[in-house]
$ cat model26.pdb   # PDB, C-alpha atoms
ATOM      1  CA  MET A   1      21.292  65.186 -33.859
ATOM      2  CA  LEU A   2      17.818  65.142 -35.399
ATOM      3  CA  LEU A   3      16.639  67.693 -32.861
ATOM      4  CA  LEU A   4      19.103  70.250 -34.224
ATOM      5  CA  LEU A   5      17.623  70.011 -37.719
ATOM      6  CA  PRO A   6      14.724  72.480 -37.144
ATOM      7  CA  MET A   7      17.067  75.025 -35.605
ATOM      8  CA  LEU A   8      19.440  74.626 -38.524
ATOM      9  CA  LEU A   9      16.508  75.146 -40.914
ATOM     10  CA  LEU A  10      15.622  78.352 -39.068
ATOM     11  CA  LEU A  11      19.163  79.658 -39.370
ATOM     12  CA  VAL A  12      19.342  78.767 -43.066
ATOM     13  CA  SER A  13      16.030  80.467 -43.768
ATOM     14  CA  ALA A  14      17.193  83.537 -41.848
ATOM     15  CA  THR A  15      20.317  83.641 -43.979
ATOM     16  CA  LEU A  16      18.236  83.297 -47.155
ATOM     17  CA  PHE A  17      15.997  86.193 -46.115
ATOM     18  CA  GLY A  18      19.055  88.251 -45.257
ATOM     19  CA  VAL A  19      18.071  88.867 -41.627
ATOM     20  CA  GLY A  20      19.478  87.736 -38.299
ATOM     21  CA  ALA A  21      17.973  84.712 -36.606
ATOM     22  CA  TRP A  22      16.411  86.954 -33.949
ATOM     23  CA  GLN A  23      14.602  88.962 -36.663
ATOM     24  CA  LEU A  24      12.712  86.039 -38.206
ATOM     25  CA  PRO A  25       8.931  86.347 -38.504
ATOM     26  CA  ALA A  26       6.996  84.912 -35.566
ATOM     27  CA  TRP A  27       5.250  82.301 -37.706
ATOM     28  CA  MET A  28       8.602  80.943 -38.885
ATOM     29  CA  VAL A  29       9.940  80.686 -35.337
ATOM     30  CA  GLY A  30       6.683  79.069 -34.223
ATOM     31  CA  ALA A  31       6.799  76.565 -37.089
ATOM     32  CA  GLY A  32      10.406  75.727 -36.286
ATOM     33  CA  LEU A  33       9.558  75.177 -32.630
ATOM     34  CA  ALA A  34       6.552  73.045 -33.584
ATOM     35  CA  VAL A  35       8.746  70.855 -35.773
ATOM     36  CA  LEU A  36      11.288  70.679 -32.949
ATOM     37  CA  LEU A  37       8.629  69.559 -30.460
ATOM     38  CA  LEU A  38       7.194  67.039 -32.908
ATOM     39  CA  MET A  39      10.593  65.484 -33.541
ATOM     40  CA  ALA A  40      11.366  65.380 -29.812
ATOM     41  CA  SER A  41       8.071  63.666 -29.043
ATOM     42  CA  LEU A  42       8.612  61.101 -31.820
ATOM     43  CA  MET A  43      12.085  60.332 -30.519
ATOM     44  CA  ALA A  44      10.755  60.030 -26.965
ATOM     45  CA  PHE A  45       8.016  57.667 -28.150
ATOM     46  CA  ARG A  46      10.586  55.510 -29.953
ATOM     47  CA  ARG A  47      12.835  55.394 -26.884
ATOM     48  CA  HIS A  48       9.813  54.555 -24.734
ATOM     49  CA  ARG A  49       8.991  51.575 -26.974
ATOM     50  CA  GLN A  50      12.589  50.356 -26.808
ATOM     51  CA  LEU A  51      12.632  50.606 -23.023
ATOM     52  CA  MET A  52       9.299  48.780 -22.808
ATOM     53  CA  VAL A  53      10.772  45.905 -24.839
ATOM     54  CA  ILE A  54      13.744  45.782 -22.470
ATOM     55  CA  GLY A  55      11.500  45.927 -19.396
ATOM     56  CA  ASP A  56       9.300  43.112 -20.682
ATOM     57  CA  ALA A  57      12.403  41.012 -21.347
ATOM     58  CA  ILE A  58      13.665  41.599 -17.794
ATOM     59  CA  LEU A  59      10.324  40.468 -16.394
ATOM     60  CA  ALA A  60      10.354  37.394 -18.633
ATOM     61  CA  LEU A  61      13.864  36.463 -17.546
ATOM     62  CA  ALA A  62      13.031  36.970 -13.878
ATOM     63  CA  ALA A  63      10.008  34.652 -13.998
ATOM     64  CA  PRO A  64      11.074  31.159 -12.965
ATOM     65  CA  ALA A  65       8.831  29.280 -15.415
ATOM     66  CA  SER A  66       9.245  31.541 -18.424
ATOM     67  CA  ASP A  67      10.329  30.490 -21.887
ATOM     68  CA  LEU A  68      13.820  31.875 -22.343
ATOM     69  CA  THR A  69      13.887  31.518 -26.098
ATOM     70  CA  ALA A  70      11.137  34.086 -26.766
ATOM     71  CA  LEU A  71      13.282  37.230 -26.845
ATOM     72  CA  ALA A  72      13.202  37.907 -30.579
ATOM     73  CA  SER A  73      12.302  41.559 -30.046
ATOM     74  CA  VAL A  74      15.376  42.045 -27.841
ATOM     75  CA  GLU A  75      17.571  40.335 -30.449
ATOM     76  CA  ALA A  76      16.231  42.710 -33.099
ATOM     77  CA  LEU A  77      16.767  45.660 -30.769
ATOM     78  CA  ALA A  78      20.365  44.617 -30.096
ATOM     79  CA  ALA A  79      20.995  44.364 -33.831
ATOM     80  CA  ARG A  80      19.535  47.685 -34.955
ATOM     81  CA  ALA A  81      19.765  50.028 -31.940
ATOM     82  CA  ARG A  82      22.835  51.991 -30.971
ATOM     83  CA  GLY A  83      24.263  53.327 -27.762
ATOM     84  CA  PRO A  84      22.922  52.440 -24.324
ATOM     85  CA  VAL A  85      19.837  50.661 -25.657
ATOM     86  CA  SER A  86      22.009  48.307 -27.703
ATOM     87  CA  ARG A  87      24.236  47.643 -24.690
ATOM     88  CA  LEU A  88      21.188  46.903 -22.535
ATOM     89  CA  ALA A  89      19.761  44.525 -25.120
ATOM     90  CA  SER A  90      23.109  42.745 -25.493
ATOM     91  CA  ALA A  91      23.400  42.402 -21.723
ATOM     92  CA  LEU A  92      19.917  40.891 -21.589
ATOM     93  CA  LEU A  93      20.852  38.369 -24.251
ATOM     94  CA  ARG A  94      23.967  37.405 -22.266
ATOM     95  CA  TRP A  95      21.793  37.118 -19.149
ATOM     96  CA  ARG A  96      19.451  34.814 -21.061
ATOM     97  CA  GLU A  97      22.340  32.551 -22.027
ATOM     98  CA  ALA A  98      23.588  32.413 -18.440
ATOM     99  CA  GLU A  99      20.074  31.708 -17.182
ATOM    100  CA  CYS A 100      19.670  28.866 -19.705
ATOM    101  CA  ARG A 101      22.935  27.320 -18.539
ATOM    102  CA  ARG A 102      21.892  27.674 -14.880
ATOM    103  CA  ARG A 103      18.490  26.062 -15.455
ATOM    104  CA  CYS A 104      20.063  23.175 -17.381
ATOM    105  CA  ALA A 105      22.533  22.636 -14.548
ATOM    106  CA  GLU A 106      19.698  22.633 -11.997
ATOM    107  CA  ARG A 107      17.778  20.032 -14.010
ATOM    108  CA  GLU A 108      20.900  17.899 -14.240
ATOM    109  CA  VAL A 109      21.541  18.144 -10.491
ATOM    110  CA  HIS A 110      17.928  17.158  -9.811
ATOM    111  CA  ARG A 111      18.188  14.212 -12.186
ATOM    112  CA  LEU A 112      21.428  13.034 -10.609
ATOM    113  CA  ALA A 113      20.020  13.375  -7.093
ATOM    114  CA  TYR A 114      16.687  11.624  -7.594
ATOM    115  CA  TYR A 115      17.116   9.188 -10.485
ATOM    116  CA  ASP A 116      19.373   6.235 -11.110
ATOM    117  CA  THR A 117      22.070   7.081 -13.631
ATOM    118  CA  LEU A 118      22.078   3.639 -15.207
ATOM    119  CA  THR A 119      18.351   2.907 -15.570
ATOM    120  CA  GLY A 120      16.818   6.385 -15.262
ATOM    121  CA  LEU A 121      14.339   5.066 -12.687
ATOM    122  CA  PRO A 122      13.510   6.986  -9.500
ATOM    123  CA  ASN A 123      15.904   6.134  -6.670
ATOM    124  CA  TRP A 124      15.444   5.498  -2.958
ATOM    125  CA  ARG A 125      15.874   9.155  -2.035
ATOM    126  CA  LEU A 126      12.966  10.274  -4.242
ATOM    127  CA  MET A 127      10.742   7.522  -2.892
ATOM    128  CA  SER A 128      11.557   8.352   0.747
ATOM    129  CA  GLU A 129      10.836  12.054   0.162
ATOM    130  CA  HIS A 130       7.515  11.163  -1.473
ATOM    131  CA  LEU A 131       6.607   8.931   1.469
ATOM    132  CA  ALA A 132       7.536  11.643   3.977
ATOM    133  CA  ASN A 133       5.459  14.177   2.065
ATOM    134  CA  CYS A 134       2.451  11.829   1.912
ATOM    135  CA  ARG A 135       2.760  11.070   5.617
ATOM    136  CA  ALA A 136       2.878  14.778   6.539
ATOM    137  CA  THR A 137      -0.121  15.461   4.304
ATOM    138  CA  SER A 138      -2.158  12.634   5.821
ATOM    139  CA  PHE A 139      -1.538  13.901   9.380
ATOM    140  CA  ARG A 140      -2.758  17.376   8.384
ATOM    141  CA  SER A 141      -5.840  15.979   6.722
ATOM    142  CA  PRO A 142      -9.077  16.473   8.718
ATOM    143  CA  ARG A 143     -10.336  12.960   7.877
ATOM    144  CA  ARG A 144      -9.779  10.236  10.450
ATOM    145  CA  ARG A 145      -7.896   7.151   9.483
ATOM    146  CA  GLY A 146      -9.348   3.873  10.770
TER     147      GLY A 146
END

$ encode --input "model26.pdb" --output "structure tokens"
Amino acid sequence: MLLLLPMLLLLVSATLFGVGAWQLPAWMVGAGLAVLLLMASLMAFRRHRQLMVIGDAILALAAPASDLTALASVEALAARARGPVSRLASALLRWREAECRRRCAEREVHRLAYYDTLTGLPNWRLMSEHLANCRATSFRSPRRRG
């Protein structure tokens, strides 16, 4: 919509001068095209920034040890952008919520598997896995045991 503004200005100025749009002076056509290119480049730069925010959020969500709460820029983008960028940002926020629920469920499964539910102390399974890991590490160690 904003890209049509310079062309509309050219047509209005042609009407004011009483000539057809094809009879405008070359400097006026050149100025209109320069404004058109400037507006297109500004819009492309803005879209590029929005897509960079979305790309950074995707990388943050894909990293296993990332902080999932630090997506304030995506929240702002979802609130103020329109169209596909807003839909992408909203989808990323839904993905974040699903990822938070999945990570919480994984922590709970780990806690239930390796810790006693009553006391919260490590259980036999955790101890036996630690012992097996230590044993495997000691056999790979180059030092001799006496």

$ closest_residue --input "model26.pdb" --among "A:Arg80, A:Arg143, A:Arg103, A:Arg111" --to "A:Gln50" --atoms "all atoms listed in the file"
A:Arg80

$ closest_residue --input "model26.pdb" --among "A:Leu131, A:Ala136, A:Leu42, A:Val74" --to "A:Leu92" --atoms "only C-alpha atoms"
A:Val74

$ atom_distance --input "model26.pdb" --atom1 "atom CA of A:Leu37" --atom2 "atom CA of A:Ala79"
28.3 Å

$ axis_aligned_box --input "model26.pdb" --around "stretch 53-72 of chain A" --padding-each-side "3 Å" --output "lines of an AutoDock Vina configuration file"
center_x = 11.4
center_y = 37.6
center_z = -21.8
size_x = 11.1
size_y = 22.6
size_z = 23.6

$ resolve_selection --input "model26.pdb" --expression "the PyMOL selection byres ((chain A and resi 85) around 12)" --output "JSON, numbers by chain"
{"A": [46, 47, 48, 49, 50, 51, 52, 53, 54, 55, 74, 75, 76, 77, 78, 79, 80, 81, 82, 83, 84, 86, 87, 88, 89, 90, 91, 92]}

$ atom_distance --input "model26.pdb" --atom1 "atom CA of A:Arg94" --atom2 "atom CA of A:Asp56"
15.8 Å

$ closest_residue --input "model26.pdb" --among "A:Ile58, A:Ala34, A:Met127, A:Met39" --to "A:Tyr115" --atoms "only C-alpha atoms"
A:Met127

$ atom_distance --input "model26.pdb" --atom1 "atom CA of A:Leu61" --atom2 "atom CA of A:Arg96"
6.8 Å

$ resolve_selection --input "model26.pdb" --expression "the PyMOL selection byres ((chain A and resi 126) around 12)" --output "ChimeraX atom specification"
/A:110-116,121-125,127-133

$ write_last_selection --input "model26.pdb" --atoms "C-alpha atoms" --output "PDB file, in the coordinates of the input"
ATOM      1  CA  HIS A 110      17.928  17.158  -9.811  1.00  0.00           C
ATOM      2  CA  ARG A 111      18.188  14.212 -12.186  1.00  0.00           C
ATOM      3  CA  LEU A 112      21.428  13.034 -10.609  1.00  0.00           C
ATOM      4  CA  ALA A 113      20.020  13.375  -7.093  1.00  0.00           C
ATOM      5  CA  TYR A 114      16.687  11.624  -7.594  1.00  0.00           C
ATOM      6  CA  TYR A 115      17.116   9.188 -10.485  1.00  0.00           C
ATOM      7  CA  ASP A 116      19.373   6.235 -11.110  1.00  0.00           C
ATOM      8  CA  LEU A 121      14.339   5.066 -12.687  1.00  0.00           C
ATOM      9  CA  PRO A 122      13.510   6.986  -9.500  1.00  0.00           C
ATOM     10  CA  ASN A 123      15.904   6.134  -6.670  1.00  0.00           C
ATOM     11  CA  TRP A 124      15.444   5.498  -2.958  1.00  0.00           C
ATOM     12  CA  ARG A 125      15.874   9.155  -2.035  1.00  0.00           C
ATOM     13  CA  MET A 127      10.742   7.522  -2.892  1.00  0.00           C
ATOM     14  CA  SER A 128      11.557   8.352   0.747  1.00  0.00           C
ATOM     15  CA  GLU A 129      10.836  12.054   0.162  1.00  0.00           C
ATOM     16  CA  HIS A 130       7.515  11.163  -1.473  1.00  0.00           C
ATOM     17  CA  LEU A 131       6.607   8.931   1.469  1.00  0.00           C
ATOM     18  CA  ALA A 132       7.536  11.643   3.977  1.00  0.00           C
ATOM     19  CA  ASN A 133       5.459  14.177   2.065  1.00  0.00           C
TER      20      ASN A 133
END

$ resolve_selection --input "model26.pdb" --expression "the PyMOL selection byres ((chain A and resi 69) around 10)" --output "PyMOL selection string"
chain A and resi 61+66-68+70-72+93+96-97+100

$ build_atoms --input "model26.pdb" --residues "stretch 95-126 of chain A" --atoms "N, CA and C atoms" --output "mmCIF file, in the coordinates of the input"
data_model
loop_
_atom_site.group_PDB
_atom_site.id
_atom_site.type_symbol
_atom_site.label_atom_id
_atom_site.label_comp_id
_atom_site.auth_asym_id
_atom_site.auth_seq_id
_atom_site.Cartn_x
_atom_site.Cartn_y
_atom_site.Cartn_z
ATOM 1 N N TRP A 95 22.471 37.602 -20.352
ATOM 2 C CA TRP A 95 21.793 37.118 -19.149
ATOM 3 C C TRP A 95 20.936 35.894 -19.484
ATOM 4 N N ARG A 96 20.270 35.946 -20.637
ATOM 5 C CA ARG A 96 19.451 34.814 -21.061
ATOM 6 C C ARG A 96 20.301 33.557 -21.227
ATOM 7 N N GLU A 97 21.464 33.708 -21.838
ATOM 8 C CA GLU A 97 22.340 32.551 -22.027
ATOM 9 C C GLU A 97 22.798 31.987 -20.678
ATOM 10 N N ALA A 98 23.159 32.866 -19.764
ATOM 11 C CA ALA A 98 23.588 32.413 -18.440
ATOM 12 C C ALA A 98 22.440 31.740 -17.697
ATOM 13 N N GLU A 99 21.249 32.290 -17.841
ATOM 14 C CA GLU A 99 20.074 31.708 -17.182
ATOM 15 C C GLU A 99 19.738 30.343 -17.778
ATOM 16 N N CYS A 100 19.892 30.180 -19.073
ATOM 17 C CA CYS A 100 19.670 28.866 -19.705
ATOM 18 C C CYS A 100 20.657 27.837 -19.175
ATOM 19 N N ARG A 101 21.933 28.248 -19.076
ATOM 20 C CA ARG A 101 22.935 27.320 -18.539
ATOM 21 C C ARG A 101 22.636 26.964 -17.086
ATOM 22 N N ARG A 102 22.199 27.937 -16.288
ATOM 23 C CA ARG A 102 21.892 27.674 -14.880
ATOM 24 C C ARG A 102 20.716 26.720 -14.746
ATOM 25 N N ARG A 103 19.664 26.935 -15.536
ATOM 26 C CA ARG A 103 18.490 26.062 -15.455
ATOM 27 C C ARG A 103 18.820 24.644 -15.913
ATOM 28 N N CYS A 104 19.646 24.518 -16.933
ATOM 29 C CA CYS A 104 20.063 23.175 -17.381
ATOM 30 C C CYS A 104 20.868 22.484 -16.288
ATOM 31 N N ALA A 105 21.740 23.219 -15.627
ATOM 32 C CA ALA A 105 22.533 22.636 -14.548
ATOM 33 C C ALA A 105 21.641 22.210 -13.382
ATOM 34 N N GLU A 106 20.620 23.011 -13.067
ATOM 35 C CA GLU A 106 19.698 22.633 -11.997
ATOM 36 C C GLU A 106 18.927 21.357 -12.348
ATOM 37 N N ARG A 107 18.476 21.251 -13.591
ATOM 38 C CA ARG A 107 17.778 20.032 -14.010
ATOM 39 C C ARG A 107 18.696 18.813 -13.919
ATOM 40 N N GLU A 108 19.954 18.997 -14.301
ATOM 41 C CA GLU A 108 20.900 17.899 -14.240
ATOM 42 C C GLU A 108 21.187 17.484 -12.795
ATOM 43 N N VAL A 109 21.318 18.454 -11.905
ATOM 44 C CA VAL A 109 21.541 18.144 -10.491
ATOM 45 C C VAL A 109 20.336 17.398 -9.927
ATOM 46 N N HIS A 110 19.135 17.841 -10.280
ATOM 47 C CA HIS A 110 17.928 17.158 -9.811
ATOM 48 C C HIS A 110 17.876 15.722 -10.343
ATOM 49 N N ARG A 111 18.202 15.552 -11.599
ATOM 50 C CA ARG A 111 18.188 14.212 -12.186
ATOM 51 C C ARG A 111 19.209 13.309 -11.507
ATOM 52 N N LEU A 112 20.403 13.848 -11.258
ATOM 53 C CA LEU A 112 21.428 13.034 -10.609
ATOM 54 C C LEU A 112 21.072 12.710 -9.165
ATOM 55 N N ALA A 113 20.359 13.603 -8.495
ATOM 56 C CA ALA A 113 20.020 13.375 -7.093
ATOM 57 C C ALA A 113 18.870 12.397 -6.920
ATOM 58 N N TYR A 114 17.910 12.396 -7.821
ATOM 59 C CA TYR A 114 16.687 11.624 -7.594
ATOM 60 C C TYR A 114 16.473 10.458 -8.545
ATOM 61 N N TYR A 115 17.319 10.271 -9.525
ATOM 62 C CA TYR A 115 17.116 9.188 -10.485
ATOM 63 C C TYR A 115 18.400 8.392 -10.651
ATOM 64 N N ASP A 116 18.236 7.117 -10.901
ATOM 65 C CA ASP A 116 19.373 6.235 -11.110
ATOM 66 C C ASP A 116 20.037 6.576 -12.441
ATOM 67 N N THR A 117 21.360 6.675 -12.416
ATOM 68 C CA THR A 117 22.070 7.081 -13.631
ATOM 69 C C THR A 117 22.089 5.980 -14.688
ATOM 70 N N LEU A 118 22.016 4.741 -14.249
ATOM 71 C CA LEU A 118 22.078 3.639 -15.207
ATOM 72 C C LEU A 118 20.721 3.380 -15.862
ATOM 73 N N THR A 119 19.670 3.283 -15.041
ATOM 74 C CA THR A 119 18.351 2.907 -15.570
ATOM 75 C C THR A 119 17.434 4.099 -15.811
ATOM 76 N N GLY A 120 17.701 5.221 -15.141
ATOM 77 C CA GLY A 120 16.818 6.385 -15.262
ATOM 78 C C GLY A 120 15.581 6.286 -14.401
ATOM 79 N N LEU A 121 15.488 5.242 -13.571
ATOM 80 C CA LEU A 121 14.339 5.066 -12.687
ATOM 81 C C LEU A 121 14.513 5.886 -11.415
ATOM 82 N N PRO A 122 13.399 6.250 -10.763
ATOM 83 C CA PRO A 122 13.510 6.986 -9.500
ATOM 84 C C PRO A 122 14.289 6.171 -8.468
ATOM 85 N N ASN A 123 15.100 6.845 -7.651
ATOM 86 C CA ASN A 123 15.904 6.134 -6.670
ATOM 87 C C ASN A 123 15.253 6.173 -5.280
ATOM 88 N N TRP A 124 15.957 5.611 -4.324
ATOM 89 C CA TRP A 124 15.444 5.498 -2.958
ATOM 90 C C TRP A 124 15.179 6.875 -2.346
ATOM 91 N N ARG A 125 16.026 7.819 -2.611
ATOM 92 C CA ARG A 125 15.874 9.155 -2.035
ATOM 93 C C ARG A 125 14.560 9.804 -2.483
ATOM 94 N N LEU A 126 14.223 9.711 -3.748
ATOM 95 C CA LEU A 126 12.966 10.274 -4.242
ATOM 96 C C LEU A 126 11.776 9.581 -3.608
#
